[in-house]
$ cat final_35.cif   # mmCIF, C-alpha atoms
data_protein
#
loop_
_atom_site.label_atom_id
_atom_site.label_comp_id
_atom_site.auth_asym_id
_atom_site.auth_seq_id
_atom_site.Cartn_x
_atom_site.Cartn_y
_atom_site.Cartn_z
CA MET A 18 124.61 97.58 71.33
CA THR A 19 124.76 100.67 73.56
CA LEU A 20 126.68 101.48 76.72
CA GLU A 21 124.43 102.70 79.57
CA ARG A 22 125.92 104.62 82.50
CA VAL A 23 124.75 103.82 86.01
CA GLU A 24 124.96 107.01 88.06
CA SER A 25 124.59 107.79 91.76
CA GLU A 26 121.63 109.99 92.65
CA ILE A 27 123.19 110.88 96.00
CA THR A 28 126.41 111.53 97.86
CA GLY A 29 127.36 108.63 100.11
CA ASN A 30 129.53 105.53 100.51
CA VAL A 31 129.47 102.24 98.62
CA TRP A 32 128.36 99.64 101.17
CA LYS A 33 127.98 96.53 99.04
CA ILE A 34 128.45 95.66 95.36
CA GLU A 35 126.05 92.96 94.23
CA VAL A 36 127.34 92.24 90.68
CA LYS A 37 130.63 91.82 88.79
CA PRO A 38 131.72 92.49 85.19
CA GLY A 39 130.15 89.98 82.85
CA ASP A 40 127.01 89.42 84.96
CA LYS A 41 123.71 89.66 83.13
CA VAL A 42 121.15 91.94 84.75
CA GLU A 43 117.52 92.84 84.20
CA ALA A 44 116.18 96.39 84.45
CA GLU A 45 115.72 97.38 88.13
CA ASP A 46 118.06 94.65 89.43
CA VAL A 47 120.12 95.98 92.36
CA ILE A 48 123.70 96.60 91.22
CA MET A 49 125.03 98.01 94.46
CA ILE A 50 123.88 99.45 97.79
CA LEU A 51 124.95 102.93 98.86
CA GLU A 52 124.84 104.23 102.42
CA SER A 53 124.00 107.89 102.91
CA MET A 54 122.84 109.59 106.11
CA LYS A 55 122.12 106.17 107.67
CA MET A 56 119.99 105.06 104.70
CA GLU A 57 120.70 101.93 102.64
CA ILE A 58 119.90 103.09 99.13
CA PRO A 59 119.71 100.66 96.21
CA VAL A 60 121.32 101.53 92.87
CA GLU A 61 119.28 99.75 90.22
CA ALA A 62 120.12 98.80 86.64
CA PRO A 63 118.48 101.33 84.30
CA CYS A 64 118.13 98.63 81.61
CA ALA A 65 118.69 94.94 80.93
CA GLY A 66 122.15 93.95 79.70
CA THR A 67 125.61 92.82 80.75
CA ILE A 68 127.73 94.59 83.35
CA LYS A 69 130.70 96.02 81.44
CA GLU A 70 132.59 97.80 84.23
CA ILE A 71 132.28 98.46 87.95
CA LEU A 72 134.01 101.79 88.54
CA VAL A 73 133.96 101.91 92.36
CA SER A 74 134.89 99.64 95.26
CA GLU A 75 133.14 98.87 98.52
CA GLU A 76 133.69 101.64 101.14
CA ASP A 77 134.48 104.24 98.41
CA ALA A 78 132.90 107.67 98.86
CA VAL A 79 130.79 108.67 95.84
CA ASP A 80 129.27 111.95 94.70
CA GLU A 81 125.92 112.80 93.20
CA ASP A 82 125.90 112.03 89.43
CA GLN A 83 129.14 109.99 89.65
CA VAL A 84 129.22 107.08 87.20
CA LEU A 85 129.33 103.87 89.25
CA ALA A 86 129.14 101.22 86.55
CA THR A 87 128.38 100.68 82.87
CA ILE A 88 126.02 98.20 81.23
CA GLU A 89 126.12 96.92 77.66
CA SER A 90 122.54 96.66 76.52
CA MET B 23 110.97 87.33 117.08
CA LYS B 24 107.98 88.96 115.40
CA ALA B 25 108.42 92.01 113.20
CA ALA B 26 106.45 94.03 110.65
CA VAL B 27 108.28 93.36 107.37
CA LEU B 28 108.03 95.71 104.39
CA ARG B 29 108.67 93.71 101.21
CA GLU B 30 107.34 96.12 98.58
CA ALA B 31 106.49 99.82 98.63
CA ASN B 32 102.80 100.54 99.09
CA ILE B 33 102.02 96.93 99.97
CA PRO B 34 100.84 96.45 103.58
CA MET B 35 103.43 95.02 105.93
CA GLU B 36 102.96 91.51 107.31
CA ILE B 37 103.89 90.38 110.79
CA GLU B 38 106.58 87.75 110.18
CA GLU B 39 108.95 85.62 112.22
CA VAL B 40 112.55 86.79 111.74
CA GLN B 41 115.86 86.08 113.46
CA ILE B 42 118.04 88.64 115.21
CA SER B 43 121.79 88.15 115.57
CA LYS B 44 123.76 88.09 118.84
CA PRO B 45 125.36 91.38 119.92
CA GLY B 46 128.80 92.03 118.43
CA PRO B 47 131.45 93.70 120.66
CA ARG B 48 129.96 97.20 120.37
CA GLU B 49 126.30 96.26 119.92
CA VAL B 50 123.35 96.29 122.30
CA LEU B 51 120.20 94.18 122.20
CA VAL B 52 117.20 96.31 123.19
CA ARG B 53 113.67 95.15 123.93
CA PRO B 54 111.49 98.04 122.75
CA ILE B 55 108.58 98.88 125.02
CA ALA B 56 107.13 101.65 122.83
CA ALA B 57 107.66 102.71 119.22
CA GLY B 58 106.20 105.76 117.51
CA VAL B 59 104.78 105.60 113.99
CA CYS B 60 106.38 108.58 112.29
CA HIS B 61 105.64 110.35 109.02
CA SER B 62 109.19 109.53 107.92
CA ASP B 63 108.28 105.83 108.00
CA LEU B 64 105.54 106.69 105.52
CA HIS B 65 108.06 108.21 103.08
CA PHE B 66 109.79 104.84 102.87
CA MET B 67 106.55 102.83 102.98
CA ASP B 68 105.18 104.67 99.94
CA GLY B 69 108.50 104.60 98.06
CA SER B 70 109.01 108.37 97.85
CA TYR B 71 112.38 107.64 99.48
CA PRO B 72 114.16 104.53 98.12
CA TYR B 73 115.41 101.90 100.58
CA MET B 74 116.71 98.35 100.35
CA LEU B 75 113.92 95.82 100.79
CA PRO B 76 112.85 93.77 102.60
CA THR B 77 113.20 95.95 105.65
CA ILE B 78 111.58 96.55 109.04
CA LEU B 79 110.60 100.19 109.44
CA GLY B 80 110.42 102.12 112.73
CA HIS B 81 112.99 104.50 114.17
CA GLU B 82 111.39 106.22 117.19
CA SER B 83 111.51 103.98 120.21
CA ALA B 84 112.28 103.47 123.85
CA GLY B 85 112.96 100.24 125.65
CA VAL B 86 115.08 98.20 128.03
CA VAL B 87 118.55 96.82 127.48
CA GLU B 88 118.41 93.04 127.17
CA GLN B 89 122.04 92.15 126.43
CA VAL B 90 125.29 93.99 125.68
CA GLY B 91 128.35 93.18 123.56
CA SER B 92 131.76 92.40 125.09
CA ASP B 93 133.15 95.95 124.70
CA VAL B 94 130.06 97.88 125.81
CA THR B 95 130.46 99.71 129.11
CA TYR B 96 127.96 102.57 128.71
CA VAL B 97 124.82 100.50 129.41
CA LYS B 98 123.95 97.23 131.16
CA LYS B 99 121.03 94.83 131.14
CA GLY B 100 117.90 96.49 132.52
CA ASP B 101 118.84 100.10 131.70
CA HIS B 102 116.07 102.23 130.20
CA VAL B 103 117.11 103.72 126.88
CA ILE B 104 115.89 105.83 123.99
CA THR B 105 117.21 104.86 120.57
CA CYS B 106 118.27 107.36 117.92
CA LEU B 107 119.01 107.03 114.22
CA SER B 108 121.84 109.57 114.56
CA ALA B 109 124.35 106.88 115.45
CA PHE B 110 127.76 108.54 115.64
CA CYS B 111 131.25 107.07 115.24
CA GLY B 112 132.80 109.63 117.59
CA HIS B 113 136.03 110.25 115.67
CA CYS B 114 135.24 111.54 112.16
CA ASN B 115 135.52 115.22 111.20
CA LYS B 116 131.79 115.78 111.71
CA CYS B 117 131.76 114.19 115.16
CA LEU B 118 134.92 115.94 116.30
CA THR B 119 133.59 119.34 115.24
CA GLY B 120 130.35 118.85 117.16
CA HIS B 121 128.09 117.84 114.28
CA LEU B 122 127.34 114.32 115.43
CA SER B 123 124.00 114.12 113.62
CA LEU B 124 125.86 114.51 110.30
CA CYS B 125 128.21 111.59 110.96
CA ASN B 126 128.14 109.44 107.85
CA SER B 127 130.58 106.78 109.03
CA PRO B 128 129.58 103.26 107.99
CA GLU B 129 131.14 101.74 111.10
CA VAL B 130 127.92 101.93 113.12
CA SER B 131 126.48 99.36 110.69
CA ARG B 132 127.76 95.83 110.20
CA LYS B 133 130.17 95.40 107.27
CA ALA B 134 128.88 93.91 104.05
CA GLU B 135 130.82 90.68 104.65
CA GLU B 136 129.46 90.20 108.20
CA ALA B 137 126.25 88.32 109.04
CA PRO B 138 123.33 90.76 108.97
CA ARG B 139 121.80 91.96 112.22
CA ILE B 140 118.37 90.74 111.07
CA ALA B 141 117.65 87.77 108.81
CA GLN B 142 114.96 85.34 107.83
CA GLY B 143 116.67 82.01 107.26
CA SER B 144 119.47 82.75 104.80
CA ASP B 145 117.86 85.97 103.54
CA THR B 146 118.98 89.40 104.78
CA ILE B 147 116.37 91.71 106.24
CA HIS B 148 117.82 95.20 105.80
CA GLN B 149 117.94 97.11 109.06
CA PHE B 150 116.17 100.46 108.72
CA LEU B 151 118.37 103.44 109.66
CA ASN B 152 120.42 101.11 111.88
CA LEU B 153 117.36 100.65 114.11
CA SER B 154 114.19 98.83 112.82
CA SER B 155 111.92 99.35 115.80
CA PHE B 156 108.72 97.74 114.47
CA ALA B 157 110.04 94.50 115.96
CA GLU B 158 110.11 92.75 119.33
CA LEU B 159 113.89 93.20 119.60
CA MET B 160 116.42 95.67 118.20
CA LEU B 161 120.13 95.03 117.75
CA ILE B 162 121.91 98.37 117.49
CA HIS B 163 125.31 100.03 117.82
CA GLU B 164 126.05 101.31 121.32
CA HIS B 165 126.22 104.84 119.85
CA ALA B 166 122.58 104.62 118.72
CA LEU B 167 121.08 104.85 122.20
CA VAL B 168 121.04 106.99 125.33
CA LYS B 169 120.28 106.04 128.93
CA VAL B 170 117.31 107.81 130.52
CA ARG B 171 115.62 108.14 133.92
CA GLU B 172 113.46 105.17 134.86
CA ASP B 173 110.57 107.40 135.99
CA MET B 174 110.08 108.55 132.37
CA PRO B 175 107.02 106.84 130.78
CA MET B 176 108.19 104.74 127.84
CA ASP B 177 105.57 105.93 125.36
CA ARG B 178 106.56 109.57 125.94
CA ALA B 179 110.23 108.62 125.86
CA ALA B 180 109.75 107.04 122.43
CA LEU B 181 108.59 110.40 121.04
CA ILE B 182 111.87 111.94 122.16
CA GLY B 183 113.63 109.37 119.96
CA CYS B 184 112.68 111.26 116.80
CA SER B 185 109.90 113.83 116.58
CA THR B 186 110.75 115.80 119.73
CA THR B 187 114.48 115.81 119.05
CA THR B 188 113.89 116.78 115.40
CA GLY B 189 111.47 119.62 116.12
CA VAL B 190 112.92 121.05 119.31
CA GLY B 191 116.45 120.52 118.02
CA ALA B 192 115.72 122.43 114.81
CA VAL B 193 114.71 125.39 116.97
CA PHE B 194 117.51 125.15 119.56
CA HIS B 195 120.46 123.92 117.50
CA THR B 196 119.84 124.49 113.79
CA ALA B 197 118.09 127.88 113.85
CA LYS B 198 119.13 129.01 117.35
CA VAL B 199 115.90 130.94 117.89
CA GLU B 200 116.36 134.10 119.95
CA PRO B 201 114.07 135.10 122.83
CA GLY B 202 111.50 137.69 121.72
CA SER B 203 111.59 136.69 118.06
CA THR B 204 108.71 135.78 115.72
CA VAL B 205 108.34 132.20 114.49
CA ALA B 206 106.07 130.40 112.03
CA VAL B 207 105.84 126.62 111.84
CA ILE B 208 104.27 125.08 108.74
CA GLY B 209 102.81 121.65 109.44
CA CYS B 210 101.53 120.61 112.85
CA GLY B 211 102.27 116.90 112.93
CA GLY B 212 104.55 115.46 115.60
CA VAL B 213 107.66 117.32 114.42
CA GLY B 214 105.90 120.64 113.81
CA LEU B 215 104.25 120.52 117.24
CA ALA B 216 107.65 119.81 118.79
CA ALA B 217 109.10 122.82 116.96
CA ILE B 218 106.28 124.99 118.33
CA ASN B 219 106.96 123.69 121.84
CA GLY B 220 110.67 124.31 121.30
CA ALA B 221 110.04 127.87 120.13
CA ALA B 222 108.01 128.50 123.29
CA LEU B 223 110.85 127.08 125.42
CA ALA B 224 113.32 129.30 123.54
CA GLY B 225 111.27 132.36 124.45
CA ALA B 226 109.85 133.31 121.04
CA ALA B 227 107.36 136.14 121.49
CA ARG B 228 105.02 135.11 118.72
CA ILE B 229 104.61 131.57 117.38
CA ILE B 230 102.32 131.12 114.40
CA ALA B 231 101.14 127.58 113.63
CA VAL B 232 100.14 126.88 110.02
CA ASP B 233 98.17 123.77 109.01
CA MET B 234 95.05 122.81 107.10
CA VAL B 235 93.45 120.74 109.88
CA ASP B 236 91.65 122.63 112.64
CA SER B 237 92.17 119.90 115.26
CA LYS B 238 95.95 120.10 114.72
CA LEU B 239 95.86 123.87 115.04
CA GLU B 240 94.08 123.44 118.38
CA LEU B 241 96.83 121.02 119.44
CA ALA B 242 99.38 123.62 118.36
CA LYS B 243 97.82 126.16 120.74
CA SER B 244 98.08 123.67 123.59
CA VAL B 245 101.86 123.34 123.11
CA GLY B 246 102.67 127.03 122.73
CA ALA B 247 101.36 128.55 119.49
CA THR B 248 100.20 132.12 120.06
CA ASP B 249 98.45 132.39 116.67
CA ILE B 250 97.08 129.97 114.10
CA VAL B 251 96.57 130.12 110.33
CA ASN B 252 94.42 127.59 108.50
CA ALA B 253 96.24 127.32 105.16
CA SER B 254 93.21 125.92 103.37
CA SER B 255 92.24 129.55 102.76
CA GLY B 256 95.05 129.54 100.17
CA ASN B 257 96.90 132.63 101.39
CA ALA B 258 98.97 131.45 104.33
CA VAL B 259 101.98 133.53 103.27
CA GLY B 260 99.95 136.73 103.03
CA GLU B 261 98.25 136.08 106.37
CA VAL B 262 101.56 135.45 108.18
CA ILE B 263 103.17 138.55 106.65
CA GLU B 264 100.17 140.66 107.64
CA MET B 265 100.07 139.26 111.19
CA THR B 266 103.75 140.00 111.72
CA GLN B 267 103.78 143.27 109.80
CA GLY B 268 106.48 142.12 107.41
CA GLY B 269 107.37 138.49 108.02
CA CYS B 270 108.96 136.22 110.63
CA ASP B 271 112.46 136.05 112.03
CA TYR B 272 112.36 132.25 111.82
CA THR B 273 110.19 129.83 109.88
CA PHE B 274 110.16 126.04 110.02
CA GLU B 275 108.81 123.72 107.35
CA ALA B 276 107.76 120.40 108.88
CA ILE B 277 105.97 118.67 106.01
CA GLY B 278 108.48 117.97 103.21
CA LEU B 279 106.86 119.62 100.20
CA LYS B 280 108.27 121.96 97.55
CA ALA B 281 105.35 124.39 97.93
CA THR B 282 105.60 124.69 101.71
CA ALA B 283 109.39 124.94 101.59
CA GLU B 284 109.03 127.88 99.22
CA GLN B 285 106.33 129.40 101.43
CA SER B 286 108.60 129.14 104.48
CA PHE B 287 111.11 131.36 102.65
CA GLN B 288 108.40 133.77 101.49
CA MET B 289 107.17 134.22 105.08
CA LEU B 290 110.52 135.64 106.27
CA CYS B 291 111.25 139.22 107.19
CA PRO B 292 114.56 140.69 105.96
CA GLY B 293 117.40 138.79 107.65
CA GLY B 294 115.09 135.91 108.55
CA VAL B 295 116.00 132.22 108.45
CA ALA B 296 113.87 129.42 106.99
CA THR B 297 114.68 125.92 108.26
CA ILE B 298 113.50 122.93 106.26
CA ILE B 299 112.86 119.96 108.53
CA GLY B 300 110.49 117.96 106.31
CA MET B 301 111.86 115.26 104.01
CA ILE B 302 111.49 116.59 100.48
CA PRO B 303 111.60 113.64 98.05
CA PRO B 304 114.79 113.13 95.97
CA GLY B 305 114.61 114.86 92.59
CA THR B 306 112.35 117.67 93.81
CA MET B 307 113.71 121.17 93.13
CA VAL B 308 112.89 124.12 95.40
CA GLU B 309 112.58 127.54 93.69
CA LEU B 310 113.23 130.88 95.36
CA GLN B 311 113.18 134.50 94.23
CA GLY B 312 116.87 135.38 93.86
CA VAL B 313 116.25 139.03 94.71
CA ASP B 314 115.24 137.99 98.24
CA PHE B 315 118.87 137.23 99.03
CA LEU B 316 119.55 140.99 98.84
CA SER B 317 117.57 141.31 102.07
CA GLU B 318 119.71 138.61 103.68
CA LYS B 319 116.97 135.99 103.86
CA LYS B 320 118.43 132.55 104.47
CA ILE B 321 117.29 128.97 103.99
CA GLN B 322 118.85 125.87 105.54
CA GLY B 323 118.22 122.19 106.16
CA SER B 324 117.93 120.46 109.51
CA ASN B 325 118.57 116.75 109.98
CA MET B 326 117.25 115.23 113.22
CA GLY B 327 117.40 118.64 114.85
CA SER B 328 121.20 118.91 114.50
CA ASN B 329 121.19 116.79 117.65
CA ARG B 330 123.79 115.72 120.16
CA PHE B 331 121.28 113.19 121.42
CA ARG B 332 123.28 111.81 124.35
CA VAL B 333 123.11 115.33 125.81
CA ASP B 334 119.78 116.48 124.38
CA MET B 335 117.48 113.56 125.12
CA PRO B 336 118.03 113.38 128.91
CA ARG B 337 117.38 117.15 128.98
CA PHE B 338 114.13 116.67 127.04
CA VAL B 339 113.12 113.95 129.52
CA ASP B 340 113.68 116.44 132.36
CA PHE B 341 111.69 119.09 130.45
CA TYR B 342 108.77 116.66 130.16
CA LEU B 343 108.86 115.63 133.80
CA ASP B 344 109.10 119.31 134.79
CA GLY B 345 105.98 120.08 132.71
CA LYS B 346 107.81 122.19 130.12
CA LEU B 347 107.67 119.77 127.19
CA HIS B 348 104.14 118.75 126.25
CA LEU B 349 104.19 115.20 125.02
CA ASP B 350 100.90 113.82 126.35
CA GLN B 351 98.74 115.40 123.66
CA MET B 352 101.11 114.25 120.88
CA ILE B 353 99.87 110.68 121.27
CA SER B 354 96.52 110.09 119.61
CA LYS B 355 96.35 106.32 120.13
CA HIS B 356 98.22 103.33 121.58
CA ILE B 357 98.20 100.31 119.28
CA LYS B 358 99.66 96.81 118.91
CA LEU B 359 102.31 95.88 116.34
CA ASN B 360 99.73 94.12 114.15
CA GLU B 361 97.84 97.42 113.73
CA ILE B 362 100.82 99.12 112.03
CA ASN B 363 99.24 99.36 108.56
CA GLU B 364 96.13 101.07 109.92
CA ALA B 365 98.36 103.50 111.83
CA LEU B 366 100.25 104.46 108.67
CA THR B 367 96.98 104.91 106.78
CA ALA B 368 95.73 107.22 109.55
CA LEU B 369 99.00 109.15 109.42
CA LYS B 370 98.64 109.57 105.66
CA SER B 371 95.20 111.11 106.13
CA GLY B 372 96.86 113.93 108.08
CA GLN B 373 94.06 113.95 110.64
CA GLU B 374 95.86 112.50 113.65
CA ALA B 375 99.00 113.30 115.63
CA ARG B 376 100.77 110.05 116.40
CA HIS B 377 100.12 106.37 117.09
CA ILE B 378 102.41 104.56 119.49
CA ILE B 379 102.99 100.82 119.28
CA MET B 380 103.12 99.26 122.74
CA PHE B 381 104.90 95.91 122.96
CA ASP B 382 103.77 93.28 125.48
#
$ encode --input "final_35.cif" --output "structure tokens"
Amino acid sequence: MTLERVESEITGNVWKIEVKPGDKVEAEDVIMILESMKMEIPVEAPCAGTIKEILVSEEDAVDEDQVLATIES
Amino acid sequence: MKAAVLREANIPMEIEEVQISKPGPREVLVRPIAAGVCHSDLHFMDGSYPYMLPTILGHESAGVVEQVGSDVTYVKKGDHVITCLSAFCGHCNKCLTGHLSLCNSPEVSRKAEEAPRIAQGSDTIHQFLNLSSFAELMLIHEHALVKVREDMPMDRAALIGCSTTTGVGAVFHTAKVEPGSTVAVIGCGGVGLAAINGAALAGAARIIAVDMVDSKLELAKSVGATDIVNASSGNAVGEVIEMTQGGCDYTFEAIGLKATAEQSFQMLCPGGVATIIGMIPPGTMVELQGVDFLSEKKIQGSNMGSNRFRVDMPRFVDFYLDGKLHLDQMISKHIKLNEINEALTALKSGQEARHIIMFD
């Protein structure tokens, strides 16, 4: 079992979190939606697994490369 | 209402029946009369920029106010408006220091726990850039529109909603082009042509249009280019440097490619400024010769022409009606909403300027 990090590719704000710890996800499932320069940008699961941690909250500001969540795969 | 819904990147949009919410306190329901099909829509259609799906693209439109929310005093039913994706909150650091186009406040959108502005049954349709103009109605924040004169033709007004503001604004606000200077514009689509027109309005002495399509270079001459370079020869940088005897004071990249962004920097004279307007896809790196910074060459981005659209757009309307802003030749075809996929295909070919959707 490995722990995968879900990172933000952009600077923006967390608009909506779609999953919670313990949820099972498939690769490319939307984990959360970021808002940056008026764009709604999906953050997708890089692999199938179980959400271990969500490290941000809705309305939080996030930076490029910031770890947003972890997945046990 | 009917709308062109994008459900998957690179899959043609279908015209579907969707529901639009009632205006909240600070929202305005707009009936678009005209909507431009912009190259930026193509970036999201082909997936080079990620976006939540399903969505309704379209972000360059003009229309008539249909209904206003309880707290809206700026517009009333029947007002003619241009919409703009640079919705501003009006009280963040960016807004209060005059950089309204960089406002990143989420409050111009609905909150995650609120009902979405657009839906299909119980499913959310994600609003595109707080606008979604490829639809018969738009529900937007009151700070995403500006009132305009009623004698302004709606199809021309729609162009001001994005391409004109982006191109002219990059020249006026981002680069602040000086009268008598030399300018090169790479890419003669709607935004590039607007930048050329803007450079002419700003008093640039020499304006060099660079493109690979002869018909677009001819269009460029009609809006103010003094010289043209067909880049298919493969040496656009060398030609521009030779024409200007050492490079330009200002260059503008209006395509969104690594290669042309780098060329825009290479075309500068010492002290010159390159402004990148085009949307370079995420993950793409731009490489420059570090030694060029010794000659004070600069490179910068421009988002929506660094606009203050409530001030800028009515001025651009006046410029058009005074014959100073050339919008007529920007429109290659008027189409119906159900021809949207063909319009995007034509845009991708790079052969045409702009299609405008006209709503009944």
$ residues_around --input "final_35.cif" --residues "Glu61 of chain A" --least-positions-apart "3" --cutoff "12 Å" --atoms "all atoms listed in the file" --output "VMD selection string"
(chain A and resid 22 to 26 34 to 36 42 to 51 58 64 to 65 85 to 88) or (chain B and resid 72 to 74)
$ write_last_selection --input "final_35.cif" --atoms "C-alpha atoms" --output "mmCIF file, keeping the file's coordinate frame"
data_model
loop_
_atom_site.group_PDB
_atom_site.id
_atom_site.type_symbol
_atom_site.label_atom_id
_atom_site.label_comp_id
_atom_site.auth_asym_id
_atom_site.auth_seq_id
_atom_site.Cartn_x
_atom_site.Cartn_y
_atom_site.Cartn_z
ATOM 1 C CA ARG A 22 125.920 104.620 82.500
ATOM 2 C CA VAL A 23 124.750 103.820 86.010
ATOM 3 C CA GLU A 24 124.960 107.010 88.060
ATOM 4 C CA SER A 25 124.590 107.790 91.760
ATOM 5 C CA GLU A 26 121.630 109.990 92.650
ATOM 6 C CA ILE A 34 128.450 95.660 95.360
ATOM 7 C CA GLU A 35 126.050 92.960 94.230
ATOM 8 C CA VAL A 36 127.340 92.240 90.680
ATOM 9 C CA VAL A 42 121.150 91.940 84.750
ATOM 10 C CA GLU A 43 117.520 92.840 84.200
ATOM 11 C CA ALA A 44 116.180 96.390 84.450
ATOM 12 C CA GLU A 45 115.720 97.380 88.130
ATOM 13 C CA ASP A 46 118.060 94.650 89.430
ATOM 14 C CA VAL A 47 120.120 95.980 92.360
ATOM 15 C CA ILE A 48 123.700 96.600 91.220
ATOM 16 C CA MET A 49 125.030 98.010 94.460
ATOM 17 C CA ILE A 50 123.880 99.450 97.790
ATOM 18 C CA LEU A 51 124.950 102.930 98.860
ATOM 19 C CA ILE A 58 119.900 103.090 99.130
ATOM 20 C CA CYS A 64 118.130 98.630 81.610
ATOM 21 C CA ALA A 65 118.690 94.940 80.930
ATOM 22 C CA LEU A 85 129.330 103.870 89.250
ATOM 23 C CA ALA A 86 129.140 101.220 86.550
ATOM 24 C CA THR A 87 128.380 100.680 82.870
ATOM 25 C CA ILE A 88 126.020 98.200 81.230
ATOM 26 C CA PRO B 72 114.160 104.530 98.120
ATOM 27 C CA TYR B 73 115.410 101.900 100.580
ATOM 28 C CA MET B 74 116.710 98.350 100.350
#
$ residues_around --input "final_35.cif" --residues "segment 275-283 of chain B" --least-positions-apart "3" --cutoff "10 Å" --atoms "all atoms listed in the file" --output "PyMOL selection string"
chain B and resi 61-62+65+188-189+206-217+232-233+258-259+286-288+296-303+306-310+321+323-324
$ atom_distance --input "final_35.cif" --atom1 "atom CA of Pro45 of chain B" --atom2 "atom CA of Phe331 of chain B"
22.2 Å
$ resolve_selection --input "final_35.cif" --expression "the PyMOL selection byres ((chain B) within 10 of (chain A))" --output "PyMOL selection string"
chain B and resi 71-75+107-109+123-128+130-135+148-153+304-305+325
$ resolve_selection --input "final_35.cif" --expression "the PyMOL selection byres ((chain B and resi 361) around 10)" --output "PDB file with C-alpha atoms, keeping the file's coordinate frame"
ATOM      1  CA  ALA B  26     106.450  94.030 110.650  1.00  0.00           C
ATOM      2  CA  MET B  35     103.430  95.020 105.930  1.00  0.00           C
ATOM      3  CA  ILE B  37     103.890  90.380 110.790  1.00  0.00           C
ATOM      4  CA  HIS B 356      98.220 103.330 121.580  1.00  0.00           C
ATOM      5  CA  ILE B 357      98.200 100.310 119.280  1.00  0.00           C
ATOM      6  CA  LYS B 358      99.660  96.810 118.910  1.00  0.00           C
ATOM      7  CA  LEU B 359     102.310  95.880 116.340  1.00  0.00           C
ATOM      8  CA  ASN B 360      99.730  94.120 114.150  1.00  0.00           C
ATOM      9  CA  ILE B 362     100.820  99.120 112.030  1.00  0.00           C
ATOM     10  CA  ASN B 363      99.240  99.360 108.560  1.00  0.00           C
ATOM     11  CA  GLU B 364      96.130 101.070 109.920  1.00  0.00           C
ATOM     12  CA  ALA B 365      98.360 103.500 111.830  1.00  0.00           C
ATOM     13  CA  LEU B 366     100.250 104.460 108.670  1.00  0.00           C
ATOM     14  CA  HIS B 377     100.120 106.370 117.090  1.00  0.00           C
ATOM     15  CA  ILE B 379     102.990 100.820 119.280  1.00  0.00           C
TER      16      ILE B 379
END
$ residues_around --input "final_35.cif" --residues "Ile68 of chain A" --least-positions-apart "3" --cutoff "7 Å" --atoms "only C-alpha atoms" --output "mmCIF file with C-alpha atoms, keeping the file's coordinate frame"
data_model
loop_
_atom_site.group_PDB
_atom_site.id
_atom_site.type_symbol
_atom_site.label_atom_id
_atom_site.label_comp_id
_atom_site.auth_asym_id
_atom_site.auth_seq_id
_atom_site.Cartn_x
_atom_site.Cartn_y
_atom_site.Cartn_z
ATOM 1 C CA LYS A 37 130.630 91.820 88.790
ATOM 2 C CA PRO A 38 131.720 92.490 85.190
ATOM 3 C CA GLY A 39 130.150 89.980 82.850
ATOM 4 C CA ASP A 40 127.010 89.420 84.960
ATOM 5 C CA LYS A 41 123.710 89.660 83.130
ATOM 6 C CA THR A 87 128.380 100.680 82.870
ATOM 7 C CA ILE A 88 126.020 98.200 81.230
ATOM 8 C CA GLU A 89 126.120 96.920 77.660
#
$ closest_residue --input "final_35.cif" --among "B:Thr105, B:Ser185, B:Ser70, B:Ser83" --to "Met326 of chain B" --atoms "all atoms listed in the file"
B:Ser185
$ residues_around --input "final_35.cif" --residues "Arg53 of chain B" --least-positions-apart "4" --cutoff "6 Å" --atoms "only C-alpha atoms" --output "list in words"
Gly85, Val86 and Leu159 of chain B
$ atom_distance --input "final_35.cif" --atom1 "atom CA of Cys111 of chain B" --atom2 "atom CA of Ile147 of chain B"
23.2 Å
$ atom_distance --input "final_35.cif" --atom1 "atom CA of Leu167 of chain B" --atom2 "atom CA of Thr146 of chain B"
23.4 Å
$ resolve_selection --input "final_35.cif" --expression "the PyMOL selection byres ((chain B and resi 202) around 9)" --output "ChimeraX atom specification"
/B:199-201,203-204,224-228
$ write_last_selection --input "final_35.cif" --atoms "C-alpha atoms" --output "PDB file, in the coordinates of the input"
ATOM      1  CA  VAL B 199     115.900 130.940 117.890  1.00  0.00           C
ATOM      2  CA  GLU B 200     116.360 134.100 119.950  1.00  0.00           C
ATOM      3  CA  PRO B 201     114.070 135.100 122.830  1.00  0.00           C
ATOM      4  CA  SER B 203     111.590 136.690 118.060  1.00  0.00           C
ATOM      5  CA  THR B 204     108.710 135.780 115.720  1.00  0.00           C
ATOM      6  CA  ALA B 224     113.320 129.300 123.540  1.00  0.00           C
ATOM      7  CA  GLY B 225     111.270 132.360 124.450  1.00  0.00           C
ATOM      8  CA  ALA B 226     109.850 133.310 121.040  1.00  0.00           C
ATOM      9  CA  ALA B 227     107.360 136.140 121.490  1.00  0.00           C
ATOM     10  CA  ARG B 228     105.020 135.110 118.720  1.00  0.00           C
TER      11      ARG B 228
END
